[in-house]
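Below is one structure, written out as structure tokens; comments come after it.
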Number of protein chains: 10
Amino acid sequence: MALFHVRMDVNIPHDLDPEVRAETVAREKAYSQELQRSGTWRELWRIVGQYSNISIFDVESADELHEILQALPLFPYMDMEVMALTRHPSRVDG
Amino acid sequence: MALFHVRMDVNIPHDLDPEVRAETVAREKAYSQELQRSGTWRELWRIVGQYSNISIFDVESADELHEILQALPLFPYMDMEVMALTRHPSRVDG
Amino acid sequence: MALFHVRMDVNIPHDLDPEVRAETVAREKAYSQELQRSGTWRELWRIVGQYSNISIFDVESADELHEILQALPLFPYMDMEVMALTRHPSRVDG
Amino acid sequence: MALFHVRMDVNIPHDLDPEVRAETVAREKAYSQELQRSGTWRELWRIVGQYSNISIFDVESADELHEILQALPLFPYMDMEVMALTRHPSRVDG
Amino acid sequence: MALFHVRMDVNIPHDLDPEVRAETVAREKAYSQELQRSGTWRELWRIVGQYSNISIFDVESADELHEILQALPLFPYMDMEVMALTRHPSRVDG
Amino acid sequence: MALFHVRMDVNIPHDLDPEVRAETVAREKAYSQELQRSGTWRELWRIVGQYSNISIFDVESADELHEILQALPLFPYMDMEVMALTRHPSRVDG
Amino acid sequence: MALFHVRMDVNIPHDLDPEVRAETVAREKAYSQELQRSGTWRELWRIVGQYSNISIFDVESADELHEILQALPLFPYMDMEVMALTRHPSRVDG
Amino acid sequence: MALFHVRMDVNIPHDLDPEVRAETVAREKAYSQELQRSGTWRELWRIVGQYSNISIFDVESADELHEILQALPLFPYMDMEVMALTRHPSRVDG
Amino acid sequence: MALFHVRMDVNIPHDLDPEVRAETVAREKAYSQELQRSGTWRELWRIVGQYSNISIFDVESADELHEILQALPLFPYMDMEVMALTRHPSRVDG
Amino acid sequence: MALFHVRMDVNIPHDLDPEVRAETVAREKAYSQELQRSGTWRELWRIVGQYSNISIFDVESADELHEILQALPLFPYMDMEVMALTRHPSRVDG
């Protein structure tokens, strides 16, 4: 089990076909929700004032994380920053 | 209720008195654990390879957050990045 | 009640249809003025030499701020920097 | 009359004599409050999580602003960013 | 009277209509020369190797400066950096 | 099994006691060689002209990587950049 | 013999003809595999979450490296960062 | 006589007409070679892995340098960094 | 004759001996005024809110400029940015 | 044979013992001149207004370059930027 912190900044080109855009965003939402339900996409927040999110993924390995991220319908339009996380020594729980 | 994402990078000067250093780090840990137990410091992870953490605070207001952060014993030695969070439209829960 | 400092930098693509552009800018102005009249968009200045503004928002929560910002007609063409503000200890008024 | 937006980031060296530090911070506060009372230092906020402030100055000229800023007791320990402001065309008042 | 230092970097899109481009550049030149003759655009240099200039403006106020800058025909295609200037204490004259 | 790419930039303060420095560098070398022999520190190169290295670690998990990195005797004097790696689709082997 | 560390970030324009894109990516893969088989392109990893790779080239000279890199079918769409490597003094082998 | 160090990074838009591109690159080469033969463009190297060059110009004045640079056929598609050079005090010759 | 634009940012270490500091600043002022009187240091402004200046030097060559700059008593404590200037094509005079 | 472009920025701590400083700078000069005479340190210029140099090294390999650079007496006080060079296709000679 491995935890990764991912920031995604979305930049969809303004001249992308509106239907392609709507369909891509819809597929992104469905895929994200499927991963949330399975527990893989553990946390998902919107950053205030940005078309960006902060996410925590709970995966078997970095390889699994990459497969998930590059399969995101919005992947070609996103800048991603990925950081591996580990337990903090001041953490109170187990 | 408000959620804030905070990244803290710790830079303790190498010529700080070792006893002052140890005592400050100990107070930081105790204070952090008290806030975790009360539910205010909701998440706390270490970034792999860094003397840094990623935290989520759950506070009444930004004013409360500032009071907490500036009271951290390591505050004078940390660079902080604070971002307000909000619910993501693709979030499955609630 | 929460105060946020927002800098908005406007970058409208030069090949956007001139009518769409004019209509979007007009809607932005109307929406901004409505929020100013209600007291939510508390301060609004132009930065000299830039197609940018400095704003102060007075909102119930960060969630409300995000709803306001993403509803701005120019939102897709703006880079935003959001900072939470709190009372300064040297402030003279109550 | 001219409005300037100033961000001040305070970096007091950790090995500064504690008495000098306390006395300097006290003089900074007194000076700031005198300027607030005269209406020159029109706005003053603390940025959440930072030893930094956002200020608006209302001065006769940029020359007056510089005299005020360089006379700040903490001036040698602060990084400043100064921007001239002007009326925004969407502003509802005046 | 106020002095401002402005750096302008010109980035005209390569697919702009050549006639629009030529006409815009010609209007920019005429407007600049009119402001130079009136004494408002006090200094104007080309930076070697760049499609950029360094200028000094001598204006009544920052408001007047903004009106001048945003009326520049090339304004939509320029990045500007504006700094307020004041008398240097080592200056020999006046 | 997980592969991580780590860049380490060493910045030892020039006023560090020379004996402490020499002893720290010697312990770093011994620890590094032990990890190389066990196969954990899989690759290690010096960047030409820099007091920096590029390393590849082959670990069970990001948690193990963090334990290794923070135990490095030079850890307090290094800036680290950590990136998770995965198999490239054009890779010929395996 | 010389070792070089290369990071390649791929940015294919979204409006590139899909057939040209597919054909270019296919040629890139074939060329890369040929160089891997000859031992020149010694290491090749995907960075997790990025359309980027980390590579190590083993060449006769920097001149040979440049000929290889500029012949990559994706060269016009990649940002490259090249660093010369040398033996690390703590290296256990050879 | 004056020496200048210039780095040129070439970014030709991918949708530029191929014939215009080829003709521009050919004119650039001819112009560069003429200046090399006259001794003005004293040094010219390709940076490994980049569509960039490092050049040394030997000119009468900065004014002459600017005339040369802005007359380069690829000037509209290049980012330039210009630095004035002078004799180094450790130089052995002259 | 050559014109250079120089920005100087002064960073005097806070632990420098106060007498050394005062004497260095006094020598800097005397030297600067001598160069202003000879016409070499043609323009000198303070940037509002900064311990920085914007200067224009009128020298025979870049070599002369370097000799002047490195002889400044504050040279060891300043960051400098130097840009060669040339006549702007829209300039009305000469 | 391999050519490398190196920029060295010198930052000697202001509290370094003056004798150590003078002796280090003298050794640097002697070493540099020995390498210039052997043809290895092929070019060496001072950047105007900076305590920095631009150098070209002509070495057998990147390994030889690293040995030379790390043996520089000022190496601990310098930031270096190293770039491999290759023949430019527009070069007239050879």
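Chain labels A, B, ... are given in the sequence in which chains occur in the structure tokens; within each chain residues are numbered consecutively from 1, and ligands are likewise numbered from 1 in the order shown.
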Item to complete: Please determine the contact residues of chain J with respect to chain H at a cut-off of 10 Å, counting only C-alpha atoms, and supply them as an MDAnalysis selection string.
Response: chainID J and resid 3:5 26 28:37 43:50 52:54 83:93
Using DSSP on the backbone coordinates, identify all residues within chain E classified as strand (DSSP E); present the result as a tab-separated table (two decimals) with all heavy atoms, in the first residue's frame.
```tsv
chain	number	residue	atom	x	y	z
E	2	ALA	N	5.19	62.70	-10.81
E	2	ALA	CA	5.63	61.37	-10.39
E	2	ALA	C	6.39	60.71	-11.53
E	2	ALA	O	6.02	60.83	-12.68
E	2	ALA	CB	4.42	60.52	-10.00
E	3	LEU	N	7.47	60.02	-11.18
E	3	LEU	CA	8.27	59.31	-12.18
E	3	LEU	C	8.04	57.81	-12.07
E	3	LEU	O	8.06	57.25	-10.97
E	3	LEU	CB	9.76	59.59	-11.97
E	3	LEU	CG	10.26	60.99	-12.32
E	3	LEU	CD1	11.75	61.10	-12.04
E	3	LEU	CD2	9.98	61.32	-13.79
E	4	PHE	N	7.82	57.15	-13.19
E	4	PHE	CA	7.65	55.70	-13.21
E	4	PHE	C	8.58	55.10	-14.24
E	4	PHE	O	8.76	55.65	-15.33
E	4	PHE	CB	6.21	55.31	-13.54
E	4	PHE	CG	5.26	55.58	-12.43
E	4	PHE	CD1	4.57	56.79	-12.33
E	4	PHE	CD2	5.04	54.62	-11.44
E	4	PHE	CE1	3.70	57.04	-11.28
E	4	PHE	CE2	4.17	54.87	-10.40
E	4	PHE	CZ	3.50	56.08	-10.31
E	5	HIS	N	9.15	53.96	-13.86
E	5	HIS	CA	10.03	53.17	-14.73
E	5	HIS	C	9.19	52.03	-15.27
E	5	HIS	O	8.56	51.29	-14.50
E	5	HIS	CB	11.18	52.63	-13.88
E	5	HIS	CG	12.19	51.79	-14.59
E	5	HIS	ND1	11.99	50.47	-14.88
E	5	HIS	CD2	13.43	52.09	-15.04
E	5	HIS	CE1	13.07	49.99	-15.49
E	5	HIS	NE2	13.96	50.95	-15.59
E	6	VAL	N	9.13	51.89	-16.59
E	6	VAL	CA	8.30	50.84	-17.21
E	6	VAL	C	9.15	50.04	-18.19
E	6	VAL	O	9.87	50.62	-19.01
E	6	VAL	CB	7.10	51.47	-17.96
E	6	VAL	CG1	6.20	50.37	-18.52
E	6	VAL	CG2	6.29	52.38	-17.04
E	7	ARG	N	9.10	48.72	-18.05
E	7	ARG	CA	9.69	47.85	-19.08
E	7	ARG	C	8.54	47.23	-19.84
E	7	ARG	O	7.60	46.69	-19.25
E	7	ARG	CB	10.55	46.74	-18.42
E	7	ARG	CG	11.07	45.79	-19.47
E	7	ARG	CD	11.90	44.65	-18.93
E	7	ARG	NE	12.16	43.70	-19.99
E	7	ARG	CZ	13.27	42.97	-20.10
E	7	ARG	NH1	14.19	43.03	-19.16
E	7	ARG	NH2	13.44	42.14	-21.12
E	8	MET	N	8.61	47.30	-21.18
E	8	MET	CA	7.56	46.72	-22.02
E	8	MET	C	8.19	45.66	-22.91
E	8	MET	O	9.16	45.95	-23.61
E	8	MET	CB	6.95	47.80	-22.93
E	8	MET	CG	6.41	49.01	-22.19
E	8	MET	SD	5.67	50.22	-23.35
E	8	MET	CE	5.61	51.67	-22.26
E	9	ASP	N	7.66	44.44	-22.85
E	9	ASP	CA	8.10	43.34	-23.73
E	9	ASP	C	6.99	43.06	-24.73
E	9	ASP	O	5.87	42.74	-24.32
E	9	ASP	CB	8.40	42.08	-22.90
E	9	ASP	CG	9.58	42.28	-21.96
E	9	ASP	OD1	10.68	42.58	-22.44
E	9	ASP	OD2	9.39	42.15	-20.74
E	10	VAL	N	7.31	43.16	-26.00
E	10	VAL	CA	6.29	43.03	-27.04
E	10	VAL	C	6.25	41.60	-27.56
E	10	VAL	O	7.29	41.03	-27.90
E	10	VAL	CB	6.59	44.01	-28.21
E	10	VAL	CG1	5.44	44.00	-29.21
E	10	VAL	CG2	6.87	45.41	-27.70
E	41	TRP	N	6.47	61.09	-21.88
E	41	TRP	CA	7.29	59.87	-22.10
E	41	TRP	C	8.74	60.35	-22.16
E	41	TRP	O	9.28	60.62	-23.23
E	41	TRP	CB	6.87	59.19	-23.40
E	41	TRP	CG	7.30	57.76	-23.52
E	41	TRP	CD1	8.46	57.20	-23.10
E	41	TRP	CD2	6.56	56.69	-24.15
E	41	TRP	NE1	8.50	55.86	-23.41
E	41	TRP	CE2	7.35	55.51	-24.06
E	41	TRP	CE3	5.31	56.61	-24.78
E	41	TRP	CZ2	6.92	54.28	-24.57
E	41	TRP	CZ3	4.89	55.39	-25.29
E	41	TRP	CH2	5.69	54.23	-25.18
E	42	ARG	N	9.36	60.49	-20.97
E	42	ARG	CA	10.62	61.22	-20.85
E	42	ARG	C	11.83	60.48	-21.39
E	42	ARG	O	12.75	61.09	-21.93
E	42	ARG	CB	10.84	61.51	-19.36
E	42	ARG	CG	11.84	62.60	-19.14
E	42	ARG	CD	11.79	63.08	-17.71
E	42	ARG	NE	12.97	62.65	-16.99
E	42	ARG	CZ	13.25	63.01	-15.74
E	42	ARG	NH1	12.40	63.79	-15.05
E	42	ARG	NH2	14.34	62.60	-15.15
E	43	GLU	N	11.86	59.20	-21.24
E	43	GLU	CA	12.99	58.42	-21.75
E	43	GLU	C	12.45	57.18	-22.43
E	43	GLU	O	11.43	56.62	-22.02
E	43	GLU	CB	13.93	58.00	-20.61
E	43	GLU	CG	14.52	59.15	-19.81
E	43	GLU	CD	15.67	59.85	-20.50
E	43	GLU	OE1	16.02	59.44	-21.63
E	43	GLU	OE2	16.22	60.81	-19.94
E	44	LEU	N	13.15	56.73	-23.48
E	44	LEU	CA	12.72	55.55	-24.25
E	44	LEU	C	13.94	54.92	-24.89
E	44	LEU	O	14.60	55.54	-25.73
E	44	LEU	CB	11.71	55.99	-25.34
E	44	LEU	CG	11.31	54.93	-26.38
E	44	LEU	CD1	10.63	53.74	-25.73
E	44	LEU	CD2	10.38	55.55	-27.43
E	45	TRP	N	14.29	53.70	-24.44
E	45	TRP	CA	15.43	53.00	-25.03
E	45	TRP	C	15.00	51.61	-25.46
E	45	TRP	O	14.14	50.98	-24.84
E	45	TRP	CB	16.56	52.80	-24.00
E	45	TRP	CG	17.14	54.05	-23.47
E	45	TRP	CD1	18.03	54.88	-24.10
E	45	TRP	CD2	16.91	54.62	-22.19
E	45	TRP	NE1	18.36	55.94	-23.27
E	45	TRP	CE2	17.70	55.80	-22.10
E	45	TRP	CE3	16.12	54.26	-21.08
E	45	TRP	CZ2	17.70	56.62	-20.98
E	45	TRP	CZ3	16.12	55.07	-19.96
E	45	TRP	CH2	16.90	56.23	-19.93
E	46	ARG	N	15.67	51.10	-26.46
E	46	ARG	CA	15.51	49.70	-26.87
E	46	ARG	C	16.53	48.87	-26.08
E	46	ARG	O	17.68	49.29	-25.90
E	46	ARG	CB	15.81	49.59	-28.38
E	46	ARG	CG	15.83	48.18	-28.92
E	46	ARG	CD	14.48	47.50	-28.91
E	46	ARG	NE	13.64	47.87	-30.04
E	46	ARG	CZ	12.32	48.01	-29.95
E	46	ARG	NH1	11.70	47.84	-28.78
E	46	ARG	NH2	11.60	48.35	-31.00
E	47	ILE	N	16.13	47.70	-25.55
E	47	ILE	CA	17.07	46.78	-24.91
E	47	ILE	C	17.73	45.95	-26.01
E	47	ILE	O	17.04	45.38	-26.86
E	47	ILE	CB	16.35	45.84	-23.91
E	47	ILE	CG1	15.61	46.65	-22.85
E	47	ILE	CG2	17.36	44.89	-23.26
E	47	ILE	CD1	14.75	45.82	-21.91
E	52	SER	N	11.85	44.88	-26.88
E	52	SER	CA	11.48	45.38	-25.55
E	52	SER	C	12.02	46.80	-25.40
E	52	SER	O	12.99	47.17	-26.06
E	52	SER	CB	12.12	44.53	-24.44
E	52	SER	OG	11.78	43.17	-24.57
E	53	ASN	N	11.38	47.57	-24.54
E	53	ASN	CA	11.94	48.89	-24.24
E	53	ASN	C	11.95	49.16	-22.76
E	53	ASN	O	11.23	48.54	-21.98
E	53	ASN	CB	11.21	50.00	-25.00
E	53	ASN	CG	9.81	50.24	-24.48
E	53	ASN	OD1	9.63	50.67	-23.34
E	53	ASN	ND2	8.81	49.95	-25.30
E	54	ILE	N	12.81	50.10	-22.38
E	54	ILE	CA	12.86	50.66	-21.03
E	54	ILE	C	12.43	52.11	-21.16
E	54	ILE	O	12.99	52.85	-21.99
E	54	ILE	CB	14.31	50.61	-20.47
E	54	ILE	CG1	14.76	49.18	-20.23
E	54	ILE	CG2	14.43	51.44	-19.20
E	54	ILE	CD1	14.10	48.49	-19.05
E	55	SER	N	11.42	52.51	-20.39
E	55	SER	CA	10.89	53.86	-20.49
E	55	SER	C	10.79	54.52	-19.12
E	55	SER	O	10.65	53.83	-18.11
E	55	SER	CB	9.48	53.82	-21.11
E	55	SER	OG	9.52	53.33	-22.43
E	56	ILE	N	10.88	55.83	-19.13
E	56	ILE	CA	10.59	56.62	-17.92
E	56	ILE	C	9.45	57.56	-18.28
E	56	ILE	O	9.54	58.31	-19.27
E	56	ILE	CB	11.80	57.47	-17.47
E	56	ILE	CG1	13.05	56.62	-17.32
E	56	ILE	CG2	11.47	58.20	-16.16
E	56	ILE	CD1	13.07	55.70	-16.13
E	57	PHE	N	8.39	57.52	-17.46
E	57	PHE	CA	7.25	58.41	-17.66
E	57	PHE	C	7.21	59.45	-16.55
E	57	PHE	O	7.47	59.14	-15.38
E	57	PHE	CB	5.93	57.62	-17.65
E	57	PHE	CG	5.71	56.83	-18.91
E	57	PHE	CD1	6.21	55.54	-19.03
E	57	PHE	CD2	5.02	57.38	-19.98
E	57	PHE	CE1	6.03	54.82	-20.20
E	57	PHE	CE2	4.82	56.65	-21.15
E	57	PHE	CZ	5.34	55.36	-21.26
E	58	ASP	N	6.88	60.67	-16.94
E	58	ASP	CA	6.80	61.79	-16.00
E	58	ASP	C	5.35	62.28	-16.04
E	58	ASP	O	4.95	62.97	-16.98
E	58	ASP	CB	7.77	62.88	-16.50
E	58	ASP	CG	7.85	64.08	-15.57
E	58	ASP	OD1	6.96	64.24	-14.73
E	58	ASP	OD2	8.82	64.84	-15.72
E	59	VAL	N	4.58	61.86	-15.03
E	59	VAL	CA	3.13	62.09	-15.06
E	59	VAL	C	2.64	62.79	-13.80
E	59	VAL	O	3.37	62.90	-12.80
E	59	VAL	CB	2.39	60.74	-15.19
E	59	VAL	CG1	2.58	60.14	-16.58
E	59	VAL	CG2	2.84	59.77	-14.11
E	78	MET	N	1.59	43.31	-25.03
E	78	MET	CA	2.79	43.62	-24.25
E	78	MET	C	2.66	43.15	-22.80
E	78	MET	O	1.60	43.22	-22.20
E	78	MET	CB	3.05	45.13	-24.25
E	78	MET	CG	3.39	45.65	-25.65
E	78	MET	SD	4.23	47.26	-25.64
E	78	MET	CE	2.88	48.34	-25.15
E	79	ASP	N	3.80	42.66	-22.26
E	79	ASP	CA	3.91	42.45	-20.82
E	79	ASP	C	4.61	43.67	-20.25
E	79	ASP	O	5.64	44.10	-20.76
E	79	ASP	CB	4.76	41.20	-20.52
E	79	ASP	CG	4.02	39.93	-20.87
E	79	ASP	OD1	2.80	39.87	-20.62
E	79	ASP	OD2	4.66	39.01	-21.40
E	80	MET	N	4.04	44.23	-19.19
E	80	MET	CA	4.60	45.45	-18.61
E	80	MET	C	5.02	45.21	-17.17
E	80	MET	O	4.35	44.49	-16.42
E	80	MET	CB	3.55	46.55	-18.60
E	80	MET	CG	3.18	47.00	-19.99
E	80	MET	SD	2.72	48.73	-19.99
E	80	MET	CE	2.21	48.85	-21.71
E	81	GLU	N	6.12	45.87	-16.81
E	81	GLU	CA	6.58	45.88	-15.42
E	81	GLU	C	6.72	47.35	-15.03
E	81	GLU	O	7.48	48.08	-15.67
E	81	GLU	CB	7.93	45.16	-15.32
E	81	GLU	CG	8.46	45.02	-13.92
E	81	GLU	CD	9.93	44.63	-13.92
E	81	GLU	OE1	10.65	45.05	-14.85
E	81	GLU	OE2	10.35	43.93	-12.99
E	82	VAL	N	5.97	47.78	-14.03
E	82	VAL	CA	5.93	49.19	-13.63
E	82	VAL	C	6.54	49.36	-12.24
E	82	VAL	O	6.19	48.61	-11.32
E	82	VAL	CB	4.46	49.68	-13.60
E	82	VAL	CG1	4.37	51.12	-13.09
E	82	VAL	CG2	3.82	49.56	-14.97
E	83	MET	N	7.45	50.32	-12.08
E	83	MET	CA	8.02	50.60	-10.76
E	83	MET	C	8.01	52.11	-10.51
E	83	MET	O	8.46	52.88	-11.37
E	83	MET	CB	9.48	50.13	-10.68
E	83	MET	CG	9.65	48.63	-10.76
E	83	MET	SD	11.36	48.10	-10.42
E	83	MET	CE	12.23	48.93	-11.75
E	84	ALA	N	7.52	52.50	-9.34
E	84	ALA	CA	7.59	53.92	-8.97
E	84	ALA	C	9.01	54.26	-8.57
E	84	ALA	O	9.69	53.49	-7.90
E	84	ALA	CB	6.62	54.18	-7.81
E	85	LEU	N	9.47	55.45	-9.01
E	85	LEU	CA	10.82	55.92	-8.69
E	85	LEU	C	10.75	57.11	-7.74
E	85	LEU	O	9.77	57.85	-7.71
E	85	LEU	CB	11.55	56.36	-9.96
E	85	LEU	CG	11.77	55.30	-11.04
E	85	LEU	CD1	12.44	55.93	-12.27
E	85	LEU	CD2	12.61	54.15	-10.52
E	86	THR	N	11.82	57.33	-7.00
E	86	THR	CA	11.93	58.53	-6.16
E	86	THR	C	13.38	58.99	-6.19
E	86	THR	O	14.25	58.31	-6.73
E	86	THR	CB	11.43	58.25	-4.73
E	86	THR	OG1	11.34	59.48	-4.01
E	86	THR	CG2	12.36	57.30	-3.98
E	87	ARG	N	13.63	60.19	-5.65
E	87	ARG	CA	14.98	60.77	-5.68
E	87	ARG	C	15.94	59.88	-4.89
E	87	ARG	O	15.62	59.41	-3.80
E	87	ARG	CB	14.93	62.16	-5.05
E	87	ARG	CG	16.15	62.99	-5.37
E	87	ARG	CD	16.05	64.39	-4.83
E	87	ARG	NE	17.29	65.08	-5.14
E	87	ARG	CZ	18.40	64.95	-4.44
E	87	ARG	NH1	18.42	64.17	-3.38
E	87	ARG	NH2	19.51	65.59	-4.79
```
Fill in: DSSP helix (DSSP H, G or I) selection over stretch 15-75 of chain I, as a count of residues only
30
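We find atom CA of J:Glu60 and atom CA of G:Ser61 to be spaced 9.6 Å apart.
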